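For reference, work02.csv is printed below; it contains CSV, C-alpha atoms.
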chain,number,residue,atom,x,y,z
A,1,MET,CA,0.0,0.0,0.0
A,2,SER,CA,1.4,3.5,-0.9
A,3,GLU,CA,2.6,6.1,1.6
A,4,ALA,CA,-0.4,8.2,0.6
A,5,LEU,CA,-2.9,5.6,1.5
A,6,GLU,CA,-1.1,4.7,4.8
A,7,GLU,CA,-1.2,8.4,5.7
A,8,LEU,CA,-4.9,8.4,5.0
A,9,GLU,CA,-5.3,5.4,7.3
A,10,ARG,CA,-3.4,7.2,10.1
A,11,GLN,CA,-5.2,10.5,9.9
A,12,LEU,CA,-8.8,9.7,9.0
A,13,PRO,CA,-11.7,10.5,9.7
A,14,LEU,CA,-11.9,12.1,6.3
A,15,PHE,CA,-13.5,15.6,6.4
A,16,GLY,CA,-14.3,15.0,10.0
A,17,ASP,CA,-16.1,11.7,9.4
A,18,THR,CA,-15.7,9.1,12.2
A,19,ARG,CA,-15.4,6.1,9.9
A,20,VAL,CA,-12.2,3.9,10.5
A,21,VAL,CA,-10.6,3.4,7.1
A,22,GLY,CA,-8.7,0.1,6.6
A,23,GLY,CA,-10.2,-1.5,9.6
A,24,ASN,CA,-7.0,-1.1,11.7
A,25,GLY,CA,-8.9,-0.6,15.0
A,26,MET,CA,-7.5,2.8,15.8
A,27,GLY,CA,-9.9,4.9,17.9
A,28,PRO,CA,-10.8,8.5,17.1
A,29,SER,CA,-8.5,9.8,19.9
A,30,ASN,CA,-5.4,8.5,18.1
A,31,ARG,CA,-6.1,10.3,14.8
A,32,ALA,CA,-6.1,13.9,13.6
A,33,CYS,CA,-8.7,15.2,11.1
A,34,LEU,CA,-7.4,16.1,7.7
A,35,THR,CA,-7.9,19.4,6.1
A,36,LEU,CA,-9.7,19.5,2.8
A,37,GLY,CA,-6.5,20.3,1.0
A,38,GLU,CA,-4.6,17.4,2.6
A,39,ALA,CA,-7.4,15.0,1.8
A,40,ALA,CA,-7.6,16.1,-1.8
A,41,ARG,CA,-3.8,15.7,-2.2
A,42,ILE,CA,-3.9,12.2,-0.7
A,43,ILE,CA,-6.8,11.1,-2.9
A,44,ARG,CA,-5.1,12.5,-6.0
A,45,GLU,CA,-1.9,10.6,-5.2
A,46,ALA,CA,-3.9,7.4,-4.5
A,47,VAL,CA,-5.6,7.7,-7.9
A,48,LYS,CA,-2.2,8.4,-9.6
A,49,ASP,CA,-0.4,5.4,-8.2
A,50,LYS,CA,-3.5,3.2,-8.1
A,51,SER,CA,-3.0,2.5,-4.4
A,52,TYR,CA,-6.8,2.9,-3.8
A,53,ARG,CA,-7.0,-0.6,-5.3
A,54,ALA,CA,-5.5,-2.0,-2.2
A,55,THR,CA,-8.9,-1.6,-0.5
A,56,PRO,CA,-11.5,-4.4,-1.0
A,57,LEU,CA,-13.8,-2.0,-2.9
A,58,GLY,CA,-10.8,-0.6,-4.9
A,59,GLN,CA,-10.1,-4.1,-6.3
A,60,LEU,CA,-13.6,-4.3,-7.7
A,61,VAL,CA,-13.3,-0.8,-9.1
A,62,GLY,CA,-10.2,-1.9,-11.0
A,63,ARG,CA,-12.0,-4.8,-12.6
A,64,TYR,CA,-14.9,-2.5,-13.5
A,65,LEU,CA,-12.6,0.0,-15.2
A,66,ARG,CA,-10.9,-2.8,-17.1
A,67,TRP,CA,-14.3,-3.9,-18.4
A,68,PHE,CA,-15.4,-0.3,-19.0
A,69,ARG,CA,-12.3,0.2,-21.2
A,70,ASN,CA,-12.0,-3.2,-23.0
A,71,GLU,CA,-15.7,-4.3,-23.4
A,72,TYR,CA,-17.7,-1.1,-23.2
A,73,GLY,CA,-15.2,1.0,-25.1
A,74,ALA,CA,-14.9,4.0,-22.8
A,75,THR,CA,-12.5,6.7,-24.0
A,76,PRO,CA,-9.5,7.6,-21.9
A,77,SER,CA,-11.1,10.9,-20.7
A,78,THR,CA,-14.2,9.1,-19.6
A,79,LEU,CA,-12.1,6.5,-17.8
A,80,ARG,CA,-10.3,9.3,-15.9
A,81,ASP,CA,-13.5,10.9,-14.9
A,82,TYR,CA,-15.0,7.7,-13.6
A,83,GLU,CA,-11.8,6.6,-11.8
A,84,ALA,CA,-11.6,9.9,-10.0
A,85,VAL,CA,-15.1,9.4,-8.5
A,86,LEU,CA,-14.8,5.6,-7.8
A,87,ALA,CA,-11.3,6.0,-6.3
A,88,ARG,CA,-12.7,8.5,-3.8
A,89,MET,CA,-15.5,6.1,-3.0
A,90,SER,CA,-13.1,3.3,-2.5
A,91,ILE,CA,-10.9,5.3,-0.1
A,92,THR,CA,-13.9,6.6,1.8
A,93,LEU,CA,-15.3,3.1,2.2
A,94,ALA,CA,-12.0,1.4,2.6
A,95,ASP,CA,-13.2,-0.6,5.6
A,96,ARG,CA,-16.2,-2.1,3.7
A,97,GLU,CA,-16.4,-5.2,1.6
A,98,PRO,CA,-18.5,-4.7,-1.5
A,99,ILE,CA,-21.4,-6.8,-0.1
A,100,ASP,CA,-21.4,-4.7,3.1
A,101,VAL,CA,-21.9,-1.3,1.4
A,102,SER,CA,-25.3,0.2,2.1
A,103,VAL,CA,-27.3,2.9,0.4
A,104,ASP,CA,-26.5,5.2,3.3
A,105,ASP,CA,-22.8,4.6,2.7
A,106,LEU,CA,-23.2,5.7,-0.9
A,107,ARG,CA,-25.2,8.7,0.1
A,108,ASP,CA,-22.3,9.7,2.4
A,109,VAL,CA,-19.9,9.3,-0.6
A,110,ILE,CA,-22.1,11.5,-2.8
A,111,ASP,CA,-22.3,14.0,0.0
A,112,LEU,CA,-18.6,14.7,-0.4
A,113,TRP,CA,-19.7,16.7,-3.5
A,114,GLY,CA,-22.5,18.2,-1.5
A,115,GLU,CA,-21.2,21.8,-2.0
A,116,ARG,CA,-20.8,21.4,-5.7
A,117,SER,CA,-23.4,22.3,-8.4
A,118,PRO,CA,-26.4,20.0,-9.0
A,119,ARG,CA,-25.0,19.1,-12.4
A,120,THR,CA,-21.8,17.9,-10.8
A,121,ARG,CA,-23.7,15.8,-8.3
A,122,GLN,CA,-25.8,14.4,-11.1
A,123,LYS,CA,-22.6,13.2,-12.8
A,124,VAL,CA,-21.2,11.7,-9.6
A,125,THR,CA,-24.5,9.9,-8.9
A,126,SER,CA,-24.5,8.5,-12.4
A,127,VAL,CA,-21.0,7.2,-12.0
A,128,VAL,CA,-21.8,5.5,-8.7
A,129,ARG,CA,-25.0,4.0,-10.0
A,130,ALA,CA,-23.3,2.7,-13.2
A,131,PHE,CA,-20.6,0.9,-11.1
A,132,TRP,CA,-23.0,-0.8,-8.8
A,133,SER,CA,-25.3,-1.8,-11.6
A,134,TRP,CA,-22.4,-3.5,-13.2
A,135,ALA,CA,-21.4,-5.2,-10.0
A,136,GLU,CA,-24.9,-6.6,-9.7
A,137,GLU,CA,-25.0,-7.7,-13.3
A,138,GLN,CA,-21.7,-9.5,-13.0
A,139,GLY,CA,-22.8,-11.3,-9.8
A,140,HIS,CA,-20.4,-9.6,-7.4
A,141,ILE,CA,-23.4,-8.5,-5.2
A,142,ALA,CA,-27.0,-9.6,-5.0
A,143,ILE,CA,-28.7,-6.2,-5.3
A,144,SER,CA,-27.2,-2.8,-6.1
A,145,PRO,CA,-27.2,-0.5,-3.1
A,146,ALA,CA,-27.3,2.4,-5.5
A,147,ALA,CA,-30.6,1.4,-7.1
A,148,ARG,CA,-32.6,3.6,-4.7
A,149,ILE,CA,-30.4,6.7,-5.1
A,150,ARG,CA,-32.0,9.4,-7.3
A,151,ARG,CA,-30.1,11.9,-9.4
A,152,PRO,CA,-30.6,15.4,-8.1
A,153,ARG,CA,-32.6,17.9,-10.1
A,154,ALA,CA,-30.4,20.4,-11.9
A,155,GLU,CA,-31.3,23.9,-13.1
A,156,LYS,CA,-32.2,24.1,-16.8
A,157,ARG,CA,-29.7,26.5,-18.3
A,158,VAL,CA,-29.9,28.2,-21.7
A,159,ALA,CA,-26.9,27.2,-23.9
A,160,PRO,CA,-24.6,30.2,-24.2
A,161,LEU,CA,-24.0,31.5,-27.7
A,162,LEU,CA,-21.4,33.4,-29.6
A,163,PRO,CA,-22.1,37.2,-30.1
A,164,ALA,CA,-24.5,37.8,-33.0
A,165,ASP,CA,-21.8,39.3,-35.3
A,166,ALA,CA,-19.1,36.7,-34.5
A,167,ARG,CA,-19.5,34.6,-37.6
A,168,PRO,CA,-19.1,37.4,-40.2
A,169,ARG,CA,-16.3,39.0,-38.3
A,170,LEU,CA,-14.3,35.8,-37.9
A,171,LEU,CA,-14.7,34.8,-41.6
A,172,THR,CA,-13.8,38.2,-42.8
A,173,VAL,CA,-10.4,38.4,-41.0
A,174,ALA,CA,-9.3,34.8,-41.5
A,175,LYS,CA,-6.2,35.0,-43.6
A,176,HIS,CA,-5.9,31.6,-45.3
A,177,PRO,CA,-8.5,29.1,-46.8
A,178,ARG,CA,-7.3,26.6,-44.2
A,179,ASP,CA,-8.4,28.9,-41.3
A,180,ARG,CA,-11.7,29.8,-43.0
A,181,LEU,CA,-12.5,26.1,-43.7
A,182,ALA,CA,-11.8,25.2,-40.1
A,183,LEU,CA,-14.0,28.1,-38.9
A,184,PHE,CA,-16.8,26.8,-41.2
A,185,CYS,CA,-16.4,23.4,-39.6
A,186,LEU,CA,-17.0,25.0,-36.2
A,187,LEU,CA,-19.6,27.6,-37.1
A,188,LEU,CA,-21.7,25.8,-39.8
A,189,LEU,CA,-21.2,22.2,-38.9
A,190,GLY,CA,-20.9,22.3,-35.1
A,191,VAL,CA,-17.9,20.0,-34.7
A,192,ARG,CA,-16.2,19.7,-31.3
A,193,ARG,CA,-12.7,20.8,-30.6
A,194,GLY,CA,-11.4,17.2,-30.5
A,195,GLU,CA,-13.2,16.4,-33.8
A,196,LEU,CA,-11.7,19.5,-35.4
A,197,ALA,CA,-8.2,18.4,-34.3
A,198,GLY,CA,-8.7,15.0,-35.9
A,199,ILE,CA,-9.9,16.2,-39.3
A,200,GLN,CA,-7.6,15.2,-42.2
A,201,VAL,CA,-7.9,16.2,-45.8
A,202,ARG,CA,-9.0,12.7,-46.7
A,203,ASP,CA,-12.1,13.2,-44.5
A,204,PHE,CA,-13.5,15.7,-46.9
A,205,ASP,CA,-15.3,14.2,-49.9
A,206,ALA,CA,-15.8,17.0,-52.5
A,207,HIS,CA,-17.7,14.7,-54.9
A,208,ARG,CA,-20.2,13.5,-52.3
A,209,CYS,CA,-20.2,16.9,-50.6
A,210,SER,CA,-19.6,15.5,-47.2
A,211,LEU,CA,-17.2,15.5,-44.2
A,212,ARG,CA,-16.5,12.5,-42.0
A,213,VAL,CA,-15.7,13.2,-38.4
A,214,TYR,CA,-15.0,11.0,-35.4
A,215,GLY,CA,-16.7,12.0,-32.2
A,216,LYS,CA,-16.6,10.8,-28.6
A,217,GLY,CA,-15.7,7.1,-28.3
A,218,ARG,CA,-14.6,7.2,-32.0
A,219,LYS,CA,-18.2,7.3,-33.1
A,220,GLU,CA,-18.3,8.2,-36.8
A,221,ARG,CA,-20.8,10.5,-38.4
A,222,VAL,CA,-21.0,12.1,-41.9
A,223,LEU,CA,-22.0,15.7,-42.2
A,224,PRO,CA,-23.3,17.0,-45.5
A,225,LEU,CA,-21.5,20.1,-46.9
A,226,ARG,CA,-23.7,22.8,-48.5
A,227,GLY,CA,-23.4,26.4,-49.6
A,228,PRO,CA,-20.3,28.4,-48.8
A,229,VAL,CA,-18.5,25.4,-47.2
A,230,LEU,CA,-18.2,23.7,-50.5
A,231,ALA,CA,-16.7,26.8,-52.2
A,232,GLU,CA,-14.2,27.1,-49.3
A,233,LEU,CA,-13.3,23.5,-49.6
A,234,GLN,CA,-12.5,23.8,-53.3
A,235,LEU,CA,-10.3,26.9,-52.6
A,236,PHE,CA,-8.5,25.1,-49.8
A,237,LEU,CA,-7.7,22.1,-51.9
A,238,SER,CA,-6.3,24.2,-54.7
A,239,SER,CA,-4.2,26.5,-52.4
A,240,ASP,CA,-0.7,25.9,-51.0
A,241,LEU,CA,-0.6,25.2,-47.3
A,242,PRO,CA,1.0,28.0,-45.2
A,243,HIS,CA,4.7,27.4,-44.4
A,244,VAL,CA,4.6,24.1,-46.4
A,245,GLY,CA,4.6,25.4,-50.0
A,246,ARG,CA,2.4,22.7,-51.6
A,247,PRO,CA,-1.3,21.8,-51.9
A,248,PRO,CA,-2.9,19.6,-49.2
A,249,GLU,CA,-2.3,15.9,-49.2
A,250,ALA,CA,-4.8,13.2,-48.1
A,251,ASP,CA,-3.0,12.5,-44.8
A,252,ASP,CA,-2.4,16.1,-43.8
A,253,TYR,CA,-4.3,17.4,-40.8
A,254,LEU,CA,-6.5,20.4,-41.4
A,255,LEU,CA,-5.1,22.3,-38.3
A,256,HIS,CA,-1.6,20.8,-38.3
A,257,PRO,CA,0.8,22.3,-35.7
A,258,THR,CA,3.5,24.9,-36.5
A,259,LYS,CA,6.6,25.9,-34.6
A,260,LYS,CA,9.0,28.8,-34.6
A,261,VAL,CA,12.6,27.5,-35.1
A,262,TYR,CA,16.0,29.2,-35.1
A,263,ALA,CA,17.1,30.2,-38.6
A,264,GLY,CA,20.5,31.8,-38.0
A,265,ARG,CA,21.5,35.4,-37.5
A,266,GLY,CA,21.0,38.5,-39.6
A,267,SER,CA,23.7,40.8,-40.9
A,268,GLU,CA,23.8,42.7,-37.6
A,269,GLY,CA,23.9,39.6,-35.5
A,270,GLN,CA,20.2,39.5,-34.6
A,271,GLN,CA,18.5,36.2,-34.1
A,272,LYS,CA,16.2,35.1,-37.0
A,273,LEU,CA,13.3,32.8,-36.6
A,274,SER,CA,11.3,30.9,-39.2
A,275,VAL,CA,8.0,28.9,-39.0
A,276,ARG,CA,8.1,25.2,-39.6
A,277,ALA,CA,4.8,23.3,-40.2
A,278,TYR,CA,4.1,19.6,-39.5
A,279,PRO,CA,1.1,18.7,-41.7
A,280,LYS,CA,1.3,15.0,-40.9
A,281,LYS,CA,1.0,15.6,-37.1
A,282,ARG,CA,-2.3,15.9,-35.3
A,283,PRO,CA,-2.5,19.1,-33.3
A,284,SER,CA,-2.9,19.0,-29.5
A,285,PRO,CA,-6.0,20.4,-27.8
A,286,GLN,CA,-3.9,23.2,-26.5
A,287,ALA,CA,-2.7,24.1,-30.0
A,288,VAL,CA,-6.3,24.2,-31.3
A,289,HIS,CA,-7.3,26.3,-28.3
A,290,ARG,CA,-4.6,28.8,-29.1
A,291,TRP,CA,-5.6,28.9,-32.8
A,292,TRP,CA,-9.2,29.7,-31.9
A,293,TYR,CA,-8.2,32.6,-29.7
A,294,ARG,CA,-5.9,34.0,-32.4
A,295,GLN,CA,-8.9,34.1,-34.7
A,296,LEU,CA,-11.0,35.8,-32.0
A,297,GLN,CA,-8.2,38.3,-31.4
A,298,ALA,CA,-7.9,39.1,-35.1
A,299,ALA,CA,-11.7,39.6,-35.3
A,300,GLY,CA,-11.6,41.9,-32.3
A,301,LEU,CA,-13.9,39.7,-30.3
A,302,VAL,CA,-11.4,39.4,-27.4
A,303,GLY,CA,-8.5,41.6,-26.5
A,304,GLN,CA,-4.9,40.9,-27.4
A,305,GLY,CA,-3.4,38.2,-25.2
A,306,ILE,CA,-6.8,37.0,-23.9
A,307,THR,CA,-7.2,33.2,-24.1
A,308,HIS,CA,-10.4,32.7,-22.2
A,309,GLY,CA,-14.0,34.0,-22.1
A,310,LEU,CA,-15.3,32.8,-25.5
A,311,ASN,CA,-14.9,29.1,-25.4
A,312,MET,CA,-14.8,27.2,-28.8
A,313,HIS,CA,-17.8,25.1,-27.7
A,314,LEU,CA,-20.0,28.2,-28.0
A,315,ALA,CA,-19.7,27.8,-31.7
A,316,ARG,CA,-21.3,24.4,-31.4
A,317,HIS,CA,-24.1,25.7,-29.2
A,318,THR,CA,-24.8,28.5,-31.7
A,319,PHE,CA,-24.9,26.1,-34.6
A,320,ALA,CA,-27.2,23.7,-32.8
A,321,THR,CA,-29.6,26.4,-31.6
A,322,GLU,CA,-29.9,27.8,-35.2
A,323,LEU,CA,-30.3,24.4,-36.8
A,324,ARG,CA,-33.0,23.5,-34.2
A,325,ARG,CA,-34.9,26.6,-35.1
A,326,VAL,CA,-34.7,26.0,-38.8
A,327,ALA,CA,-34.9,22.2,-39.1
A,328,GLY,CA,-36.1,20.9,-35.8
A,329,ILE,CA,-34.7,19.1,-32.8
A,330,ASP,CA,-34.2,15.7,-34.6
A,331,ALA,CA,-32.0,17.3,-37.3
A,332,ALA,CA,-30.0,19.1,-34.6
A,333,SER,CA,-29.5,15.9,-32.7
A,334,GLN,CA,-28.3,14.0,-35.7
A,335,ALA,CA,-25.9,16.7,-36.8
A,336,LEU,CA,-24.4,16.9,-33.3
A,337,GLY,CA,-23.9,13.2,-33.1
A,338,HIS,CA,-25.9,12.7,-29.9
A,339,ALA,CA,-26.8,9.0,-29.3
A,340,ASP,CA,-29.9,10.0,-27.3
A,341,LEU,CA,-32.4,12.6,-28.4
A,342,ASN,CA,-32.9,13.5,-24.7
A,343,THR,CA,-29.4,14.8,-24.6
A,344,THR,CA,-30.2,17.3,-27.3
A,345,LEU,CA,-33.5,18.2,-25.7
A,346,ALA,CA,-31.9,18.9,-22.4
A,347,ILE,CA,-29.6,21.4,-23.9
A,348,TYR,CA,-31.4,22.9,-26.9
A,349,GLY,CA,-35.0,21.9,-26.4
A,350,HIS,CA,-36.0,25.1,-24.6
A,351,GLN,CA,-37.8,27.9,-26.2
A,352,ASP,CA,-36.1,31.3,-26.0
A,353,GLN,CA,-36.8,34.9,-27.0
A,354,SER,CA,-36.0,34.3,-30.6
A,355,ASP,CA,-38.5,31.5,-30.8
A,356,LEU,CA,-41.2,33.8,-29.3
A,357,GLU,CA,-40.3,36.5,-31.8
A,358,ALA,CA,-40.6,34.0,-34.7
A,359,ALA,CA,-43.9,32.8,-33.4
A,360,MET,CA,-45.3,36.3,-33.1
A,361,ASP,CA,-44.1,37.0,-36.7
A,362,THR,CA,-46.0,33.9,-37.9
A,363,TYR,CA,-49.0,35.0,-35.9
A,364,ALA,CA,-48.9,38.5,-37.5
A,365,ARG,CA,-48.8,37.0,-41.0
A,366,TRP,CA,-51.8,34.8,-40.1
A,367,LEU,CA,-53.7,37.8,-39.0
A,368,GLU,CA,-53.0,39.5,-42.3
A,369,GLN,CA,-54.3,36.4,-44.1
A,370,GLN,CA,-57.5,36.6,-42.1
A,371,ARG,CA,-57.8,40.2,-43.2
A,372,GLU,CA,-58.2,41.4,-39.7
A,373,ASP,CA,-57.2,44.9,-40.8
A,374,ALA,CA,-60.3,45.1,-43.0
A,375,ILE,CA,-62.6,45.1,-40.0
A,376,VAL,CA,-63.9,48.6,-39.4
A,377,PRO,CA,-63.8,49.6,-35.7
A,378,PRO,CA,-67.0,51.0,-34.3
A,379,GLU,CA,-67.3,54.8,-34.4
A,380,ALA,CA,-66.4,56.6,-31.2
A,381,ASP,CA,-69.2,57.9,-29.1
A,382,PRO,CA,-69.8,61.7,-29.6

Render the structure in this file as structure tokens.
Amino acid sequence: MSEALEELERQLPLFGDTRVVGGNGMGPSNRACLTLGEAARIIREAVKDKSYRATPLGQLVGRYLRWFRNEYGATPSTLRDYEAVLARMSITLADREPIDVSVDDLRDVIDLWGERSPRTRQKVTSVVRAFWSWAEEQGHIAISPAARIRRPRAEKRVAPLLPADARPRLLTVAKHPRDRLALFCLLLLGVRRGELAGIQVRDFDAHRCSLRVYGKGRKERVLPLRGPVLAELQLFLSSDLPHVGRPPEADDYLLHPTKKVYAGRGSEGQQKLSVRAYPKKRPSPQAVHRWWYRQLQAAGLVGQGITHGLNMHLARHTFATELRRVAGIDAASQALGHADLNTTLAIYGHQDQSDLEAAMDTYARWLEQQREDAIVPPEADP
């Protein structure tokens, strides 16, 4: 067992709780309570070195994560999120065998996130319920103790959107067809940041007017290309890549990374730099983030040096909201790649001020068709 977990055994109760972790028989008088910062550090270290798996419950969590990765096909980011919750559960209930865990124990675990937002508690509850449902299905326990735990209600929030003039301003200042095509993928196709990073030239099909993208869990979807996106694609394919000096090739990444490198010294001894491009290399999430904010800065949507405040995902929200208004929630769900329509409904199913304005416009046109304006009002009393 790691030093971090041994320290946790010595110093618990965690967050003032009186549970004995590890079953070593120490009484409360022999232990000091951890501060929140100390507990968080110990839990992070236990997740990092997997020492939480030395607990009875942690062993079962390890088997669940292996199944979750190999058979369910969970992505690395999803695995990290699940492990963070389940490791904390394993450490908090380190003195329990899986068959001894009760619904009240799990409610104590979820209460560790009691000060967080309802959406965070929803996610934590879902992770806990999914683990214990698997344990019941696999025969490790008779009945899931999490079956009676309900997800908390979360406030319904309106999806934040880009400023109304963001799209024309971004597309006007974009310097190269590559940048404009990438912006079209965000603004008119609603791709995620990770999907944008993974787009290669071969994913565009100019003949079938489509783009193939790979979403969460490597789920594949094909997006039709229409209107200005097609014209921009043709221009991109016929233009030389910046800092490469040739047209795009099939295995080039759309937003390939670039790097400033030393290029000798000038006539007066000053250092010279040149830009080197790596078209065959996939860009990192950080590189795509920096590219996005360079476009925002050029368009005057954020100040120079600002790298936060207008998240790239707002482009996806804006696209989804506009498509839902024009073509309906089913079309928006398919374009976004949501496996469950309820996911789309929860985010974009609300009616906002623009919907009300459109409805009133429709109502006004209906009134005109009914010739309501031809009705002569009664004369006023003398």

Excluding same-chain residues fewer than 6 positions from stretch 142-148 of chain A, what lies within 8 Å of it counting only C-alpha atoms, as a tab-separated table (two decimals) with C-alpha atoms, in the coordinates of the input?
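Writing done, so here's result_10.tsv:
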chain	number	residue	atom	x	y	z
A	99	ILE	CA	-21.40	-6.80	-0.10
A	101	VAL	CA	-21.90	-1.30	1.40
A	102	SER	CA	-25.30	0.20	2.10
A	103	VAL	CA	-27.30	2.90	0.40
A	106	LEU	CA	-23.20	5.70	-0.90
A	128	VAL	CA	-21.80	5.50	-8.70
A	129	ARG	CA	-25.00	4.00	-10.00
A	132	TRP	CA	-23.00	-0.80	-8.80
A	133	SER	CA	-25.30	-1.80	-11.60
A	135	ALA	CA	-21.40	-5.20	-10.00
A	136	GLU	CA	-24.90	-6.60	-9.70

Discussion item. Which residues are near stretch 190-205 of chain A? Cut-off 7 Å, all atoms listed in the file, ignore same chain within fewer than 3 positions. Put them as number ranges by chain.
Written reply: A: 185-187, 208-215, 248-255, 282-283, 285, 288, 312-313, 315-316, 319-320, 336

Dump of C-alpha atoms for the selected residues, as a short mmCIF file (atom, residue, chain, number, x, y, z; two decimals), in the frame of the given file:
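Final output, saved to part-v2.cif:
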data_model
loop_
_atom_site.label_atom_id
_atom_site.label_comp_id
_atom_site.auth_asym_id
_atom_site.auth_seq_id
_atom_site.Cartn_x
_atom_site.Cartn_y
_atom_site.Cartn_z
CA CYS A 185 -16.40 23.40 -39.60
CA LEU A 186 -17.00 25.00 -36.20
CA LEU A 187 -19.60 27.60 -37.10
CA ARG A 208 -20.20 13.50 -52.30
CA CYS A 209 -20.20 16.90 -50.60
CA SER A 210 -19.60 15.50 -47.20
CA LEU A 211 -17.20 15.50 -44.20
CA ARG A 212 -16.50 12.50 -42.00
CA VAL A 213 -15.70 13.20 -38.40
CA TYR A 214 -15.00 11.00 -35.40
CA GLY A 215 -16.70 12.00 -32.20
CA PRO A 248 -2.90 19.60 -49.20
CA GLU A 249 -2.30 15.90 -49.20
CA ALA A 250 -4.80 13.20 -48.10
CA ASP A 251 -3.00 12.50 -44.80
CA ASP A 252 -2.40 16.10 -43.80
CA TYR A 253 -4.30 17.40 -40.80
CA LEU A 254 -6.50 20.40 -41.40
CA LEU A 255 -5.10 22.30 -38.30
CA ARG A 282 -2.30 15.90 -35.30
CA PRO A 283 -2.50 19.10 -33.30
CA PRO A 285 -6.00 20.40 -27.80
CA VAL A 288 -6.30 24.20 -31.30
CA MET A 312 -14.80 27.20 -28.80
CA HIS A 313 -17.80 25.10 -27.70
CA ALA A 315 -19.70 27.80 -31.70
CA ARG A 316 -21.30 24.40 -31.40
CA PHE A 319 -24.90 26.10 -34.60
CA ALA A 320 -27.20 23.70 -32.80
CA LEU A 336 -24.40 16.90 -33.30
#

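Nearest residue to A:His350 among A:Leu170, A:Val158, A:Leu223, A:Ala182 is A:Val158, counting all atoms listed in the file.
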
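Between A:Ala130 and the candidates A:Ala159, A:Leu171, A:Leu65, A:Leu241, the tightest atom-to-atom separation, counting only C-alpha atoms, involves A:Leu65.
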
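Here atom CA of A:Leu356 and atom CA of A:Thr344 stand 19.9 Å from one another.
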
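Minimum atom-to-atom distance to A:Pro98, evaluated using all atoms listed in the file, belongs to A:Leu57 out of A:Ala364, A:Val326, A:Leu79, A:Leu57.
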
Can you tell me which residues surround A:Gly62 at a distance of at most 12 Å, considering only C-alpha atoms, apart from same-chain residues fewer than 4 positions away, and format the answer as an mmCIF file with C-alpha atoms, in the frame of the given file?
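Below is the file that was written, part-v1.cif:
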data_model
loop_
_atom_site.group_PDB
_atom_site.id
_atom_site.type_symbol
_atom_site.label_atom_id
_atom_site.label_comp_id
_atom_site.auth_asym_id
_atom_site.auth_seq_id
_atom_site.Cartn_x
_atom_site.Cartn_y
_atom_site.Cartn_z
ATOM 1 C CA VAL A 47 -5.600 7.700 -7.900
ATOM 2 C CA LYS A 50 -3.500 3.200 -8.100
ATOM 3 C CA SER A 51 -3.000 2.500 -4.400
ATOM 4 C CA TYR A 52 -6.800 2.900 -3.800
ATOM 5 C CA ARG A 53 -7.000 -0.600 -5.300
ATOM 6 C CA ALA A 54 -5.500 -2.000 -2.200
ATOM 7 C CA THR A 55 -8.900 -1.600 -0.500
ATOM 8 C CA PRO A 56 -11.500 -4.400 -1.000
ATOM 9 C CA LEU A 57 -13.800 -2.000 -2.900
ATOM 10 C CA GLY A 58 -10.800 -0.600 -4.900
ATOM 11 C CA ARG A 66 -10.900 -2.800 -17.100
ATOM 12 C CA TRP A 67 -14.300 -3.900 -18.400
ATOM 13 C CA PHE A 68 -15.400 -0.300 -19.000
ATOM 14 C CA ARG A 69 -12.300 0.200 -21.200
ATOM 15 C CA LEU A 79 -12.100 6.500 -17.800
ATOM 16 C CA TYR A 82 -15.000 7.700 -13.600
ATOM 17 C CA GLU A 83 -11.800 6.600 -11.800
ATOM 18 C CA ALA A 84 -11.600 9.900 -10.000
ATOM 19 C CA LEU A 86 -14.800 5.600 -7.800
ATOM 20 C CA ALA A 87 -11.300 6.000 -6.300
ATOM 21 C CA SER A 90 -13.100 3.300 -2.500
ATOM 22 C CA PHE A 131 -20.600 0.900 -11.100
ATOM 23 C CA ALA A 135 -21.400 -5.200 -10.000
#

Discussion item. What's around stretch 258-275 of chain A at 10 Å? Count all atoms listed in the file, leave out sequence neighbours fewer than 3 positions away in its own chain, and write the answer as a ChimeraX atom specification.
Written reply: /A:242-244,255,278-279,281,283,287

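Taking atom CA of A:Leu237 as the reference point, atom CA of A:Leu189 is found at 18.7 Å.
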
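The gap separating atom CA of A:Val222 from atom CA of A:Lys123 is 29.2 Å, in Å to one decimal.
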
Response to the item:
Residue with the minimum atom-to-atom distance to A:Val173, picked from A:Pro118, A:Ala299, A:Gly245, A:Arg96 with only C-alpha atoms counted, is A:Ala299

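The residue that comes closest to A:Leu181, out of A:Val85, A:Leu162, A:Ala206, A:Leu230 and on the basis of only C-alpha atoms, is A:Leu230.
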
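The residue that comes closest to A:Gln295, out of A:Ala339, A:Ala346, A:Leu183, A:Ala358 and on the basis of only C-alpha atoms, is A:Leu183.
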